[in-house]
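Here the structure comes first, spelled out in structure tokens, and everything after it is commentary.
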Amino acid sequence: MQASFSFLAAENLACRRGERLLFRKLSFRLEAGAACHVTGANGAGKTTLIRALAGLTTPYAGSVTREGALALLAERTGLDPDAPLARALAFWFAMDGVADPSAIMARLRLSGLAEVPVRYLSTGQQKRAALARVLGQAAPIWLLDEPLSGLDTASQGLVSALVREHCAGGGIALIASHQPLNVPGMTSFAIEDFAPADEEHEA
Amino acid sequence: MILALLRRDLAQFFPFTGSGAALPVVFFVAVAMLFPFAVGPDANVLAKTGGGVVWIAALLAAILPLEKLVARDIALGFFDQLKLRGATEEAMMAVRLLAHWLSFGPPLLLATFPAAALLKIEGESFTILLLGLLAGTPGLAAIGLMIAALTASLRAGAALSGLLLIPLALPILIFGAGALARQDQVSLGFVGAISLGLVAIAPFAAGAAIRAAREQ
């Protein structure tokens, strides 16, 4: 992985959803090899933060800088619901130039599901399929939005293992989740700590 | 990357492979088939009015795929993933425009042969009709794409997009069907010019629309 010079940094970031300010004055910098766990209740702004970091939305204030390509795991998988899993993934694998798709499929225990249309997969299976897409992208920066939701215990362990490997290889991972991950050396912050005080809220 | 995207888009929208995508063409032929039953089998009346009916059927057939054209891939996060890989919204929409036209334009032109036979459109009229549709359908596709992208984030987007398309498609309809009534091929040049203009701006307008939809 050509990740040794990659970084992801946010400076004085503030984001809104609708008229409501979700968080402000959020700054951090993740160097190669760092993992960061963002916690927060539902609706606290984890997804909003991830989308802003991914450059999909413009933050209300502040800036995001990064070096290195991004891979995003979100609630929206990007996989065609009507296509069989293997074909839906093959589109992204081809785009990302994956040499050995079957190894990734096997790693995420998807080999047996190759012919099943994506919309028939369970929530956890779809999440694993999306993880396969992330893995295939081989991007130095991972943004994972709720990677554990819907997964069984074994798969949750697998996610932790994948993040550990990714960071050991010099990758960066930012994980928004309200569930714990087993990644040594992972930093964490709660998004609520950056929520505006009530009087600011009214203003 | 562009080629892979075009292949995927075509698989989504092409008749007989995509989900229910043959519907516009079936609809088009059905209108041409029903019309003689409604106005009677008089060959003169049919030949006089048939061309206009074909144009209206083509316009309505262009509305049918709009619902799935953009909104579905926004909900899927498909465009988000492409964006992360460095694709611009304009490129995504240009590919989508090509795929959209390929999926309903050429099938519609083929369906014009049976439709014209049913409506007793022959000789010079048939040539003008076919050329007119060839020149006009890219424009209809471009209008459709822009509207589909603009209404993608609205709850009643599908119903609205049909209403929005009709007034915007009027110039194409007027010159396209007008060429048929006057038997003159010059109007076809206008149809082509309108189409080209629309095709040129559609990727930019639609690209801006899906960018704006993402900010919500």
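By convention here, the chains of the structure tokens are called A, B, ... in the order presented, each chain's residues are numbered starting at 1, and ligands are numbered starting at 1 in the order presented.
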
What are the residues of chain B that have an atom within 6 Å of an atom of chain A, counting only C-alpha atoms, as an NGL selection string? :B and (76-78 or 215)

Please measure the separation of atom CA of B:Ala4 and atom CA of B:Leu198, giving the value in Å to one decimal.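 These two atoms are separated by 24.9 Å.
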
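Nearest to A:Val116 of all the residues A:Leu85, A:Ile191, A:Ile175, A:Ala41 is A:Leu85, counting only C-alpha atoms.
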
Could you tell me how far atom CA of B:Asp73 sits from atom CA of B:Leu110, in Å to one decimal place?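 Separation between atom CA of B:Leu110 and atom CA of B:Asp73: 28.6 Å.
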
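Every protein or nucleic acid residue with an atom no more than 8 Å from A:Asp152, counting only C-alpha atoms and leaving out same-chain residues fewer than 3 positions away, appears here: Gly124, Ser155 and Gln156 of chain A.
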
Could you turn the residues from that selection into a file that holds C-alpha atoms, as an mmCIF file, in the first residue's frame?
data_model
loop_
_atom_site.group_PDB
_atom_site.id
_atom_site.type_symbol
_atom_site.label_atom_id
_atom_site.label_comp_id
_atom_site.auth_asym_id
_atom_site.auth_seq_id
_atom_site.Cartn_x
_atom_site.Cartn_y
_atom_site.Cartn_z
ATOM 1 C CA GLY A 124 -25.064 -8.101 7.521
ATOM 2 C CA SER A 155 -17.924 -10.685 11.365
ATOM 3 C CA GLN A 156 -17.446 -7.918 13.923
#
